[in-house]
file target-v2.pdb (PDB, C-alpha atoms)
ATOM      1  CA  MET A  25      12.771 -31.900 -48.065
ATOM      2  CA  ARG A  26      10.486 -32.029 -45.023
ATOM      3  CA  THR A  27      13.532 -32.794 -42.855
ATOM      4  CA  ALA A  28      15.349 -29.693 -44.017
ATOM      5  CA  LEU A  29      12.286 -27.555 -43.434
ATOM      6  CA  ALA A  30      11.772 -28.994 -39.968
ATOM      7  CA  ALA A  31      15.444 -28.404 -39.090
ATOM      8  CA  MET A  32      14.891 -24.739 -39.659
ATOM      9  CA  GLY A  33      12.367 -24.709 -36.842
ATOM     10  CA  VAL A  34      14.710 -26.559 -34.334
ATOM     11  CA  THR A  35      17.970 -24.538 -33.712
ATOM     12  CA  PHE A  36      13.421 -22.048 -34.563
ATOM     13  CA  GLY A  37       8.897 -17.732 -37.699
ATOM     14  CA  ALA A  38       1.868 -10.132 -43.988
ATOM     15  CA  LEU A  39       1.539  -7.569 -46.131
ATOM     16  CA  LEU A  40      -1.247  -5.319 -44.908
ATOM     17  CA  SER A  41      -2.660  -4.940 -48.375
ATOM     18  CA  ALA A  42      -5.916  -5.387 -50.181
ATOM     19  CA  CYS A  43      -4.989  -8.945 -51.141
ATOM     20  CA  LEU A  44      -5.140  -9.877 -47.439
ATOM     21  CA  ALA A  45      -8.289  -7.969 -46.631
ATOM     22  CA  SER A  46     -10.000 -11.214 -45.620
ATOM     23  CA  ALA A  47      -7.365 -12.090 -42.994
ATOM     24  CA  PRO A  48      -8.766 -11.940 -39.430
ATOM     25  CA  VAL A  49      -7.677  -9.051 -37.249
ATOM     26  CA  ALA A  50      -6.571  -9.739 -33.683
ATOM     27  CA  HIS A  51      -6.076  -7.594 -30.662
ATOM     28  CA  ALA A  52      -2.489  -7.204 -29.455
ATOM     29  CA  VAL A  53      -0.939 -10.296 -27.913
ATOM     30  CA  PRO A  54      -1.435 -10.204 -24.131
ATOM     31  CA  SER A  55       1.550  -8.758 -22.297
ATOM     32  CA  GLU A  56       1.941 -11.679 -19.882
ATOM     33  CA  GLY A  57       5.505 -12.922 -20.036
ATOM     34  CA  VAL A  58       6.747 -10.036 -22.154
ATOM     35  CA  THR A  59       9.852  -8.426 -20.710
ATOM     36  CA  PRO A  60       9.181  -4.669 -20.557
ATOM     37  CA  ALA A  61      12.824  -3.664 -20.988
ATOM     38  CA  GLY A  62      13.682  -5.991 -23.870
ATOM     39  CA  PRO A  63      14.362  -9.619 -24.595
ATOM     40  CA  PHE A  64      16.104 -10.397 -21.270
ATOM     41  CA  VAL A  65      15.245  -9.925 -17.624
ATOM     42  CA  GLU A  66      17.433  -7.605 -15.600
ATOM     43  CA  ASP A  67      19.720 -10.182 -13.993
ATOM     44  CA  ALA A  68      20.422 -11.806 -17.396
ATOM     45  CA  ARG A  69      21.152  -8.723 -19.517
ATOM     46  CA  ALA A  70      24.866  -8.380 -18.851
ATOM     47  CA  LEU A  71      25.540 -12.103 -19.297
ATOM     48  CA  PHE A  72      23.432 -12.433 -22.465
ATOM     49  CA  ASP A  73      24.533  -9.132 -23.987
ATOM     50  CA  GLY A  74      24.829  -9.592 -27.760
ATOM     51  CA  CYS A  75      22.644 -12.725 -27.801
ATOM     52  CA  VAL A  76      19.426 -12.911 -29.783
ATOM     53  CA  PRO A  77      16.491 -15.328 -29.290
ATOM     54  CA  LEU A  78      15.416 -17.539 -32.180
ATOM     55  CA  PRO A  79      12.103 -19.200 -32.994
ATOM     56  CA  ASP A  80      12.055 -22.596 -31.316
ATOM     57  CA  SER A  81       9.123 -24.084 -29.384
ATOM     58  CA  ALA A  82       6.859 -23.575 -26.405
ATOM     59  CA  THR A  83       9.200 -25.691 -24.253
ATOM     60  CA  SER A  84      12.603 -24.637 -25.596
ATOM     61  CA  ARG A  85      14.580 -21.561 -26.579
ATOM     62  CA  THR A  86      17.759 -21.086 -28.607
ATOM     63  CA  TYR A  87      20.030 -18.037 -28.416
ATOM     64  CA  ARG A  88      22.679 -16.991 -30.896
ATOM     65  CA  CYS A  89      25.575 -15.216 -29.223
ATOM     66  CA  GLY A  90      28.057 -14.351 -31.968
ATOM     67  CA  ALA A  91      29.592 -17.604 -33.185
ATOM     68  CA  LEU A  92      28.054 -19.470 -30.252
ATOM     69  CA  SER A  93      24.595 -21.047 -29.958
ATOM     70  CA  VAL A  94      23.082 -22.073 -26.636
ATOM     71  CA  TRP A  95      19.726 -23.643 -25.891
ATOM     72  CA  LEU A  96      17.571 -24.886 -23.057
ATOM     73  CA  HIS A  97      14.789 -27.432 -23.427
ATOM     74  CA  GLU A  98      12.419 -28.301 -20.612
ATOM     75  CA  GLN A  99      11.959 -32.101 -20.735
ATOM     76  CA  PRO A 100       9.853 -33.331 -17.806
ATOM     77  CA  GLY A 101       9.404 -37.083 -17.803
ATOM     78  CA  LEU A 102      12.990 -37.787 -18.873
ATOM     79  CA  SER A 103      15.964 -38.596 -16.695
ATOM     80  CA  GLU A 104      19.060 -36.418 -16.915
ATOM     81  CA  LEU A 105      20.861 -39.142 -18.869
ATOM     82  CA  GLN A 106      17.930 -39.424 -21.297
ATOM     83  CA  ALA A 107      17.928 -35.654 -21.770
ATOM     84  CA  VAL A 108      21.656 -35.694 -22.551
ATOM     85  CA  ASP A 109      21.071 -38.444 -25.099
ATOM     86  CA  SER A 110      18.259 -36.411 -26.647
ATOM     87  CA  GLY A 111      20.624 -33.429 -26.864
ATOM     88  CA  ARG A 112      23.265 -35.632 -28.483
ATOM     89  CA  ALA A 113      20.779 -36.547 -31.217
ATOM     90  CA  ARG A 114      20.089 -32.838 -31.730
ATOM     91  CA  VAL A 115      23.815 -32.151 -32.146
ATOM     92  CA  HIS A 116      24.184 -35.009 -34.639
ATOM     93  CA  ALA A 117      21.256 -33.698 -36.687
ATOM     94  CA  ARG A 118      23.057 -30.374 -36.923
ATOM     95  CA  LEU A 119      26.729 -31.330 -37.188
ATOM     96  CA  GLY A 120      26.698 -34.931 -38.391
ATOM     97  CA  THR A 121      28.207 -37.902 -36.603
ATOM     98  CA  GLY A 122      31.908 -37.311 -37.341
ATOM     99  CA  LEU A 123      32.600 -35.830 -33.924
ATOM    100  CA  THR A 124      34.998 -36.694 -31.116
ATOM    101  CA  GLU A 125      32.852 -37.209 -28.010
ATOM    102  CA  ALA A 126      33.647 -37.619 -24.322
ATOM    103  CA  GLN A 127      31.185 -38.296 -21.551
ATOM    104  CA  GLY A 128      31.711 -36.685 -18.187
ATOM    105  CA  GLU A 129      30.156 -34.394 -15.612
ATOM    106  CA  LEU A 130      29.714 -30.657 -15.173
ATOM    107  CA  PRO A 131      29.196 -28.946 -11.782
ATOM    108  CA  LEU A 132      25.874 -27.125 -12.177
ATOM    109  CA  GLY A 133      23.417 -26.071  -9.508
ATOM    110  CA  GLY A 134      25.767 -27.301  -6.815
ATOM    111  CA  GLN A 135      25.867 -30.882  -8.098
ATOM    112  CA  PRO A 136      27.724 -32.899 -10.730
ATOM    113  CA  ARG A 137      25.542 -33.351 -13.816
ATOM    114  CA  PRO A 138      25.960 -35.835 -16.674
ATOM    115  CA  SER A 139      27.420 -34.189 -19.741
ATOM    116  CA  LEU A 140      28.758 -34.825 -23.206
ATOM    117  CA  ARG A 141      31.589 -32.807 -24.678
ATOM    118  CA  PHE A 142      32.026 -32.909 -28.456
ATOM    119  CA  GLU A 143      34.348 -31.355 -31.010
ATOM    120  CA  ARG A 144      35.379 -31.637 -34.628
ATOM    121  CA  CYS A 145      39.089 -31.446 -35.399
ATOM    122  CA  SER A 146      41.148 -32.307 -38.454
ATOM    123  CA  GLY A 147      44.745 -33.442 -37.950
ATOM    124  CA  GLU A 148      46.893 -30.688 -36.499
ATOM    125  CA  ALA A 149      44.490 -27.915 -37.560
ATOM    126  CA  PRO A 150      42.535 -26.130 -34.816
ATOM    127  CA  CYS A 151      39.157 -27.588 -33.993
ATOM    128  CA  THR A 152      36.403 -25.920 -36.012
ATOM    129  CA  VAL A 153      33.486 -26.627 -33.708
ATOM    130  CA  GLY A 154      32.926 -27.836 -30.165
ATOM    131  CA  GLY A 155      30.408 -27.789 -27.381
ATOM    132  CA  TYR A 156      28.550 -29.469 -24.545
ATOM    133  CA  VAL A 157      25.230 -31.116 -23.826
ATOM    134  CA  THR A 158      24.137 -31.527 -20.220
ATOM    135  CA  ALA A 159      20.997 -31.739 -18.101
ATOM    136  CA  VAL A 160      19.915 -30.525 -14.679
ATOM    137  CA  THR A 161      16.966 -31.120 -12.361
ATOM    138  CA  PRO A 162      16.043 -27.719 -10.886
ATOM    139  CA  SER A 163      13.046 -29.241  -9.091
ATOM    140  CA  ALA A 164      11.622 -32.716  -8.535
ATOM    141  CA  GLY A 165      10.557 -34.343 -11.802
ATOM    142  CA  HIS A 166      11.629 -31.320 -13.822
ATOM    143  CA  VAL A 167      14.561 -32.053 -16.131
ATOM    144  CA  ARG A 168      16.120 -29.280 -18.205
ATOM    145  CA  GLN A 169      18.393 -30.071 -21.151
ATOM    146  CA  LEU A 170      21.144 -27.538 -21.898
ATOM    147  CA  GLY A 171      23.278 -27.468 -25.022
ATOM    148  CA  CYS A 172      25.886 -25.243 -26.582
ATOM    149  CA  VAL A 173      27.753 -25.184 -29.917
ATOM    150  CA  ALA A 174      30.833 -22.944 -30.302
ATOM    151  CA  ARG A 175      32.714 -22.036 -33.470
ATOM    152  CA  ASP A 176      35.800 -19.958 -34.310
ATOM    153  CA  ASP A 177      37.666 -19.512 -31.005
ATOM    154  CA  ILE A 178      36.594 -22.840 -29.501
ATOM    155  CA  ARG A 179      38.421 -22.509 -26.165
ATOM    156  CA  ALA A 180      36.881 -19.117 -25.399
ATOM    157  CA  GLY A 181      33.532 -20.339 -26.704
ATOM    158  CA  LEU A 182      33.477 -23.338 -24.383
ATOM    159  CA  GLY A 183      34.204 -21.056 -21.447
ATOM    160  CA  ARG A 184      31.259 -18.865 -22.445
ATOM    161  CA  CYS A 185      29.081 -21.986 -22.731
ATOM    162  CA  LEU A 186      29.790 -22.831 -19.111
ATOM    163  CA  GLU A 187      29.011 -19.268 -17.982
ATOM    164  CA  LEU A 188      25.648 -19.369 -19.738
ATOM    165  CA  PHE A 189      24.927 -22.867 -18.424
ATOM    166  CA  ALA A 190      25.427 -21.648 -14.849
ATOM    167  CA  TYR A 191      22.589 -19.158 -15.328
ATOM    168  CA  LEU A 192      20.268 -21.400 -17.337
ATOM    169  CA  ALA A 193      20.642 -24.330 -14.945
ATOM    170  CA  THR A 194      19.265 -22.465 -11.953
ATOM    171  CA  ARG A 195      17.238 -19.565 -13.368
ATOM    172  CA  GLY A 196      15.877 -21.028 -16.594
ATOM    173  CA  ASN A 197      14.716 -18.889 -19.488
ATOM    174  CA  PRO A 198      16.565 -15.526 -19.460
ATOM    175  CA  GLU A 199      13.546 -13.885 -21.085
ATOM    176  CA  GLY A 200      11.644 -14.444 -17.867
ATOM    177  CA  ASP A 201       8.645 -16.438 -19.038
ATOM    178  CA  THR A 202       7.932 -20.102 -18.357
ATOM    179  CA  LEU A 203       8.632 -22.638 -21.080
ATOM    180  CA  SER A 204       5.817 -25.192 -21.050
ATOM    181  CA  PRO A 205       3.017 -26.501 -23.276
ATOM    182  CA  SER A 206       0.648 -24.162 -21.428
ATOM    183  CA  ALA A 207       2.407 -21.234 -23.151
ATOM    184  CA  ARG A 208       0.911 -22.187 -26.520
ATOM    185  CA  VAL A 209      -1.490 -19.656 -28.017
ATOM    186  CA  MET A 210      -4.133 -20.499 -30.601
ATOM    187  CA  PRO A 211      -4.831 -19.336 -33.190
ATOM    188  CA  PRO A 212      -1.210 -18.373 -34.029
ATOM    189  CA  ARG A 213      -0.701 -14.639 -34.145
ATOM    190  CA  LEU A 214       1.622 -11.716 -34.317
ATOM    191  CA  PRO A 215       0.949  -8.926 -31.811
ATOM    192  CA  TRP A 216      -1.075  -7.063 -34.452
ATOM    193  CA  ARG A 217      -2.892  -9.808 -36.398
ATOM    194  CA  VAL A 218      -3.918 -13.437 -36.520
ATOM    195  CA  LEU A 219      -1.860 -15.627 -38.866
ATOM    196  CA  TYR A 220      -3.394 -17.770 -41.562
ATOM    197  CA  VAL A 221      -2.852 -21.542 -41.489
ATOM    198  CA  PRO A 222      -3.205 -22.878 -45.071
ATOM    199  CA  GLU A 223      -5.142 -26.060 -45.687
ATOM    200  CA  GLY A 224      -2.935 -29.097 -45.164
ATOM    201  CA  CYS A 225      -0.489 -27.195 -42.942
ATOM    202  CA  GLU A 226      -0.037 -27.520 -39.187
ATOM    203  CA  VAL A 227       0.874 -25.220 -36.334
ATOM    204  CA  ALA A 228       4.050 -26.725 -34.928
ATOM    205  CA  ASP A 229       4.334 -24.129 -32.175
ATOM    206  CA  SER A 230       2.721 -20.836 -31.269
ATOM    207  CA  THR A 231       3.335 -18.621 -28.231
ATOM    208  CA  THR A 232       3.231 -14.889 -27.539
ATOM    209  CA  ARG A 233       6.917 -14.779 -28.495
ATOM    210  CA  ALA A 234       7.459 -17.214 -31.344
ATOM    211  CA  GLY A 235       5.908 -19.859 -33.536
ATOM    212  CA  ARG A 236       6.187 -22.083 -36.558
ATOM    213  CA  ILE A 237       3.743 -23.233 -39.234
ATOM    214  CA  ARG A 238       4.778 -26.295 -41.247
ATOM    215  CA  CYS A 239       3.462 -27.312 -44.647
ATOM    216  CA  ALA A 240       4.516 -30.201 -46.879
ATOM    217  CA  ALA A 241       6.780 -27.947 -48.952
ATOM    218  CA  SER A 242       7.433 -24.956 -46.705
ATOM    219  CA  THR A 243       8.015 -23.793 -43.139
ATOM    220  CA  PHE A 244       7.224 -20.314 -41.832
ATOM    221  CA  SER A 245       8.570 -19.223 -38.442
ATOM    222  CA  TRP A 246       8.591 -16.007 -36.475
ATOM    223  CA  SER A 247       9.776 -14.446 -33.238
ATOM    224  CA  VAL A 248       8.919 -11.120 -31.616
ATOM    225  CA  PHE A 249      10.168  -8.974 -28.764
ATOM    226  CA  TRP A 250       9.250  -5.631 -27.238
ATOM    227  CA  PRO A 251      10.409  -2.915 -27.105
ATOM    228  CA  VAL A 252      13.002  -2.312 -29.818
ATOM    229  CA  ALA A 253      15.884  -0.136 -28.661
ATOM    230  CA  PRO A 254      15.694   3.004 -30.866
ATOM    231  CA  GLY A 255      18.597   3.618 -33.235
ATOM    232  CA  ALA A 256      20.653   0.661 -31.980
ATOM    233  CA  GLY A 257      20.501  -1.602 -35.034
ATOM    234  CA  GLN A 258      18.866  -4.210 -32.799
ATOM    235  CA  VAL A 259      16.512  -5.635 -35.439
ATOM    236  CA  GLU A 260      19.264  -5.899 -38.071
ATOM    237  CA  ARG A 261      21.565  -7.668 -35.605
ATOM    238  CA  TRP A 262      18.720  -9.991 -34.642
ATOM    239  CA  ARG A 263      18.081 -10.807 -38.302
ATOM    240  CA  ASP A 264      21.745 -11.455 -39.064
ATOM    241  CA  ARG A 265      22.429 -13.609 -35.987
ATOM    242  CA  SER A 266      19.245 -15.593 -36.545
ATOM    243  CA  THR A 267      20.177 -16.158 -40.181
ATOM    244  CA  GLU A 268      23.603 -17.440 -39.110
ATOM    245  CA  GLU A 269      21.913 -19.930 -36.806
ATOM    246  CA  LEU A 270      19.560 -21.146 -39.533
ATOM    247  CA  ARG A 271      22.464 -21.599 -41.975
ATOM    248  CA  ASP A 272      24.439 -23.574 -39.392
ATOM    249  CA  ALA A 273      21.421 -25.840 -38.887
ATOM    250  CA  LEU A 274      21.299 -26.619 -42.632
ATOM    251  CA  PRO A 275      24.657 -28.165 -43.662
ATOM    252  CA  GLY A 276      25.814 -27.180 -47.131
ATOM    253  CA  ALA A 277      24.013 -23.829 -47.084
ATOM    254  CA  SER A 278      25.078 -21.306 -49.716
ATOM    255  CA  PRO A 279      26.489 -17.839 -49.002
ATOM    256  CA  THR A 280      23.811 -15.299 -48.181
ATOM    257  CA  GLN A 281      22.382 -12.702 -50.548
ATOM    258  CA  VAL A 282      20.829  -9.449 -49.350
ATOM    259  CA  ARG A 283      17.725  -8.350 -51.253
ATOM    260  CA  ASP A 284      15.341  -5.423 -51.089
ATOM    261  CA  CYS A 285      11.972  -6.601 -49.797
ATOM    262  CA  TYR A 286       8.927  -5.787 -47.721
ATOM    263  CA  VAL A 287       8.290  -7.452 -44.379
ATOM    264  CA  GLU A 288       4.820  -6.855 -42.976
ATOM    265  CA  GLY A 289       4.424  -4.045 -45.503
ATOM    266  CA  GLN A 290       7.598  -2.205 -44.404
ATOM    267  CA  ALA A 291      10.483  -1.647 -46.807
ATOM    268  CA  THR A 292      13.628  -3.367 -45.550
ATOM    269  CA  ARG A 293      16.423  -5.727 -46.572
ATOM    270  CA  CYS A 294      15.930  -9.487 -46.504
ATOM    271  CA  VAL A 295      18.554 -12.230 -46.499
ATOM    272  CA  ARG A 296      18.267 -15.242 -48.810
ATOM    273  CA  PHE A 297      20.276 -18.465 -49.026
ATOM    274  CA  THR A 298      19.789 -21.998 -50.325
ATOM    275  CA  ALA A 299      20.605 -25.379 -48.821
ATOM    276  CA  PRO A 300      20.378 -28.989 -49.987
ATOM    277  CA  ALA A 301      17.519 -31.108 -48.696
ATOM    278  CA  PRO A 302      19.169 -33.960 -46.720
ATOM    279  CA  GLU A 303      16.904 -36.618 -48.186
ATOM    280  CA  GLY A 304      17.134 -35.308 -51.744
ATOM    281  CA  GLY A 305      14.347 -33.828 -53.801
ATOM    282  CA  GLY A 306      16.008 -30.531 -54.629
ATOM    283  CA  ASP A 307      17.370 -27.556 -52.729
ATOM    284  CA  VAL A 308      15.385 -25.310 -50.428
ATOM    285  CA  GLN A 309      15.576 -21.535 -50.299
ATOM    286  CA  VAL A 310      15.323 -19.641 -47.026
ATOM    287  CA  TRP A 311      14.259 -16.008 -46.682
ATOM    288  CA  THR A 312      14.725 -14.068 -43.461
ATOM    289  CA  GLY A 313      13.835 -10.525 -42.498
ATOM    290  CA  GLY A 314      13.253  -8.282 -39.533
ATOM    291  CA  VAL A 315      11.442  -5.020 -38.878
ATOM    292  CA  ASP A 316      10.555  -2.654 -36.088
ATOM    293  CA  ARG A 317       6.769  -2.378 -36.177
ATOM    294  CA  GLN A 318       5.534   0.230 -33.732
ATOM    295  CA  GLY A 319       8.129  -0.768 -31.168
ATOM    296  CA  TRP A 320       7.725  -4.518 -31.694
ATOM    297  CA  GLY A 321      10.730  -6.326 -33.129
ATOM    298  CA  LEU A 322       9.771  -9.041 -35.613
ATOM    299  CA  PHE A 323      12.049 -11.700 -37.077
ATOM    300  CA  ALA A 324      10.498 -13.904 -39.754
ATOM    301  CA  ALA A 325      11.883 -16.778 -41.806
ATOM    302  CA  CYS A 326      10.371 -18.802 -44.609
ATOM    303  CA  SER A 327      11.772 -21.967 -46.185
ATOM    304  CA  LEU A 328      10.349 -23.318 -49.455
ATOM    305  CA  PRO A 329      11.561 -25.154 -52.575
ATOM    306  CA  ALA A 330      14.410 -23.373 -54.356
ATOM    307  CA  SER A 331      12.469 -23.674 -57.606
ATOM    308  CA  ALA A 332       9.583 -21.600 -56.223
ATOM    309  CA  PRO A 333       9.287 -17.872 -56.976
ATOM    310  CA  PHE A 334       9.588 -15.256 -54.242
ATOM    311  CA  PRO A 335       7.925 -16.453 -50.993
ATOM    312  CA  THR A 336       4.236 -16.484 -51.713
ATOM    313  CA  GLN A 337       1.378 -15.138 -49.670
ATOM    314  CA  THR A 338       0.067 -18.632 -48.919
ATOM    315  CA  LEU A 339       3.333 -20.416 -48.102
ATOM    316  CA  CYS A 340       4.831 -17.599 -46.031
ATOM    317  CA  ASP A 341       1.664 -16.080 -44.569
ATOM    318  CA  GLY A 342       2.021 -12.932 -46.651
ATOM    319  CA  VAL A 343       4.816 -11.578 -44.451
ATOM    320  CA  PHE A 344       7.340 -11.214 -47.306
ATOM    321  CA  ALA A 345       6.895  -9.315 -50.569
ATOM    322  CA  PRO A 346       9.357  -8.145 -53.288
ATOM    323  CA  ARG A 347      10.200  -4.527 -53.995
TER     324      ARG A 347
END

call {"tool": "encode", "arguments": {"input": "target-v2.pdb", "output": "structure tokens"}}
result
Amino acid sequence: MRTALAAMGVTFGALLSACLASAPVAHAVPSEGVTPAGPFVEDARALFDGCVPLPDSATSRTYRCGALSVWLHEQPGLSELQAVDSGRARVHARLGTGLTEAQGELPLGGQPRPSLRFERCSGEAPCTVGGYVTAVTPSAGHVRQLGCVARDDIRAGLGRCLELFAYLATRGNPEGDTLSPSARVMPPRLPWRVLYVPEGCEVADSTTRAGRIRCAASTFSWSVFWPVAPGAGQVERWRDRSTEELRDALPGASPTQVRDCYVEGQATRCVRFTAPAPEGGGDVQVWTGGVDRQGWGLFAACSLPASAPFPTQTLCDGVFAPR
């Protein structure tokens, strides 16, 4: 089950009530690295229009762009070939090993870069999934892994992958901040409060934008951006795209169910689905939700055993509550 919970954090996130009165209160997260006009810097907005960031790590980011997922992972200390191999392992963890693969090169940053193209096809039927993994060296000793998975219209999706790669290879994170271990923030926090780390759990990642807390039987992850575009359905789209990405990262996931809930004390609609744990031990359930809290967009997700009741205060940091 731990593998399934950890997978939720790769591809990747309290009720303000009397029951949490003892939770520490934090000042707002510092604004360093926060894009004033939204999730993307100015020169990336047109290209990444319709994409949403997902919880990942201090050194990597994943974006869901419709049926396409793209990521970048800063991997200093590796060679480009090693980074491609690392990306291949990431693809296999998500899609399995029954893929047709071809090694080659992609022209990125003015140079040919090692790459792996993969796809899954069945007989004469159209391919159902395809993508690339590649790596670039934007500066000496600095290797950046890039990956992309496309579904539905694979040919158009692969073309979009290459367009996004061209930006990511040379400019890096389209949100504008640096992806490095130095971006970690402790203790983990949302812009309005410090998060609780239950005994026996660990902070897998924590930055001003996103984080993940892992326990033996649960994983809680979050991502924030500022400001929310008023009246544009931005938070709902962010929730839905992020949920699609989480489901794709957990093979065998069930159809989604939409439930009334509270997220950070605000009435909203949450999405729930279940998925089998790869190593057995029973299914997991995943809850996701998003809210606009005083101009901050919050996406939260909690994975826990399917046999458990509604996400509890302890396992999911009190972010979710039934209504």

call {"tool": "atom_distance", "arguments": {"input": "target-v2.pdb", "atom1": "CA of Val252 (chain A)", "atom2": "CA of Pro63 (chain A)"}}
result
9.1 Å

call {"tool": "resolve_selection", "arguments": {"input": "target-v2.pdb", "expression": "the PyMOL selection byres ((chain A and resi 265) around 9)", "output": "short mmCIF file (atom, residue, chain, number, x, y, z; two decimals) with C-alpha atoms, in the coordinates of the input"}}
result
data_model
loop_
_atom_site.label_atom_id
_atom_site.label_comp_id
_atom_site.auth_asym_id
_atom_site.auth_seq_id
_atom_site.Cartn_x
_atom_site.Cartn_y
_atom_site.Cartn_z
CA CYS A 75 22.64 -12.72 -27.80
CA VAL A 76 19.43 -12.91 -29.78
CA LEU A 78 15.42 -17.54 -32.18
CA ARG A 88 22.68 -16.99 -30.90
CA CYS A 89 25.58 -15.22 -29.22
CA GLY A 90 28.06 -14.35 -31.97
CA ALA A 91 29.59 -17.60 -33.18
CA GLU A 260 19.26 -5.90 -38.07
CA ARG A 261 21.56 -7.67 -35.60
CA TRP A 262 18.72 -9.99 -34.64
CA ARG A 263 18.08 -10.81 -38.30
CA ASP A 264 21.74 -11.46 -39.06
CA SER A 266 19.24 -15.59 -36.54
CA THR A 267 20.18 -16.16 -40.18
CA GLU A 268 23.60 -17.44 -39.11
CA GLU A 269 21.91 -19.93 -36.81
CA LEU A 270 19.56 -21.15 -39.53
#

call {"tool": "closest_residue", "arguments": {"input": "target-v2.pdb", "among": "A:Gly171, A:Pro212, A:Pro251, A:Gly134", "to": "Arg236 (chain A)", "atoms": "all atoms listed in the file"}}
result
A:Pro212

call {"tool": "resolve_selection", "arguments": {"input": "target-v2.pdb", "expression": "the PyMOL selection byres ((chain A and resi 310) around 6)", "output": "list in words"}}
result
Arg296, Phe297, Gln309, Trp311, Cys326 and Ser327 of chain A

call {"tool": "atom_distance", "arguments": {"input": "target-v2.pdb", "atom1": "CA of Ala324 (chain A)", "atom2": "CA of Thr312 (chain A)"}}
result
5.6 Å

call {"tool": "residues_around", "arguments": {"input": "target-v2.pdb", "residues": "Gln135 (chain A)", "least_positions_apart": "2", "cutoff": "12 Å", "atoms": "all atoms listed in the file", "output": "list of chain:residue names"}}
result
A:Glu129, A:Leu130, A:Pro131, A:Leu132, A:Gly133, A:Arg137, A:Pro138, A:Ala159, A:Val160, A:Thr161, A:Pro162, A:Ala190, A:Ala193, A:Thr194

call {"tool": "closest_residue", "arguments": {"input": "target-v2.pdb", "among": "A:Arg208, A:Ala228, A:Gly155, A:Thr298", "to": "Pro279 (chain A)", "atoms": "all atoms listed in the file"}}
result
A:Thr298

call {"tool": "closest_residue", "arguments": {"input": "target-v2.pdb", "among": "A:Gly165, A:Gly257, A:Pro136, A:Gly235", "to": "Arg213 (chain A)", "atoms": "all atoms listed in the file"}}
result
A:Gly235

call {"tool": "resolve_selection", "arguments": {"input": "target-v2.pdb", "expression": "the PyMOL selection byres ((chain A and resi 117) around 10)", "output": "ChimeraX atom specification"}}
result
/A:27,31,34,111-116,118-121,273-275

call {"tool": "atom_distance", "arguments": {"input": "target-v2.pdb", "atom1": "CA of Gly306 (chain A)", "atom2": "CA of Ser331 (chain A)"}}
result
8.3 Å

call {"tool": "closest_residue", "arguments": {"input": "target-v2.pdb", "among": "A:Leu140, A:Ala82, A:Val153, A:Leu214", "to": "Asp341 (chain A)", "atoms": "all atoms listed in the file"}}
result
A:Leu214

call {"tool": "closest_residue", "arguments": {"input": "target-v2.pdb", "among": "A:Ala149, A:Ala299, A:Ala325, A:Ala291", "to": "Ala234 (chain A)", "atoms": "all atoms listed in the file"}}
result
A:Ala325

call {"tool": "residues_around", "arguments": {"input": "target-v2.pdb", "residues": "Phe334 (chain A)", "least_positions_apart": "4", "cutoff": "9 Å", "atoms": "all atoms listed in the file", "output": "list of chain:residue names"}}
result
A:Trp311, A:Phe344, A:Ala345, A:Pro346

call {"tool": "write_last_selection", "arguments": {"input": "target-v2.pdb", "atoms": "C-alpha atoms", "output": "mmCIF file, in the coordinates of the input"}}
result
data_model
loop_
_atom_site.group_PDB
_atom_site.id
_atom_site.type_symbol
_atom_site.label_atom_id
_atom_site.label_comp_id
_atom_site.auth_asym_id
_atom_site.auth_seq_id
_atom_site.Cartn_x
_atom_site.Cartn_y
_atom_site.Cartn_z
ATOM 1 C CA TRP A 311 14.259 -16.008 -46.682
ATOM 2 C CA PHE A 344 7.340 -11.214 -47.306
ATOM 3 C CA ALA A 345 6.895 -9.315 -50.569
ATOM 4 C CA PRO A 346 9.357 -8.145 -53.288
#

call {"tool": "residues_around", "arguments": {"input": "target-v2.pdb", "residues": "Val221 (chain A)", "least_positions_apart": "3", "cutoff": "12 Å", "atoms": "only C-alpha atoms", "output": "list in words"}}
result
Ala47, Pro48, Met210, Pro211, Pro212, Arg213, Val218, Gly224, Cys225, Glu226, Val227, Ala228, Ser230, Gly235, Arg236, Ile237, Arg238, Cys239, Thr243, Phe244, Gln337, Thr338, Leu339, Cys340, Asp341 and Gly342 of chain A

call {"tool": "write_last_selection", "arguments": {"input": "target-v2.pdb", "atoms": "C-alpha atoms", "output": "CSV table (one decimal), keeping the file's coordinate frame"}}
result
chain,number,residue,atom,x,y,z
A,47,ALA,CA,-7.4,-12.1,-43.0
A,48,PRO,CA,-8.8,-11.9,-39.4
A,210,MET,CA,-4.1,-20.5,-30.6
A,211,PRO,CA,-4.8,-19.3,-33.2
A,212,PRO,CA,-1.2,-18.4,-34.0
A,213,ARG,CA,-0.7,-14.6,-34.1
A,218,VAL,CA,-3.9,-13.4,-36.5
A,224,GLY,CA,-2.9,-29.1,-45.2
A,225,CYS,CA,-0.5,-27.2,-42.9
A,226,GLU,CA,0.0,-27.5,-39.2
A,227,VAL,CA,0.9,-25.2,-36.3
A,228,ALA,CA,4.0,-26.7,-34.9
A,230,SER,CA,2.7,-20.8,-31.3
A,235,GLY,CA,5.9,-19.9,-33.5
A,236,ARG,CA,6.2,-22.1,-36.6
A,237,ILE,CA,3.7,-23.2,-39.2
A,238,ARG,CA,4.8,-26.3,-41.2
A,239,CYS,CA,3.5,-27.3,-44.6
A,243,THR,CA,8.0,-23.8,-43.1
A,244,PHE,CA,7.2,-20.3,-41.8
A,337,GLN,CA,1.4,-15.1,-49.7
A,338,THR,CA,0.1,-18.6,-48.9
A,339,LEU,CA,3.3,-20.4,-48.1
A,340,CYS,CA,4.8,-17.6,-46.0
A,341,ASP,CA,1.7,-16.1,-44.6
A,342,GLY,CA,2.0,-12.9,-46.7

call {"tool": "residues_around", "arguments": {"input": "target-v2.pdb", "residues": "Gln169 (chain A)", "least_positions_apart": "6", "cutoff": "12 Å", "atoms": "only C-alpha atoms", "output": "MDAnalysis selection string"}}
result
chainID A and resid 83:86 94:112 114 137:140 156:162 189 192:194 196:197
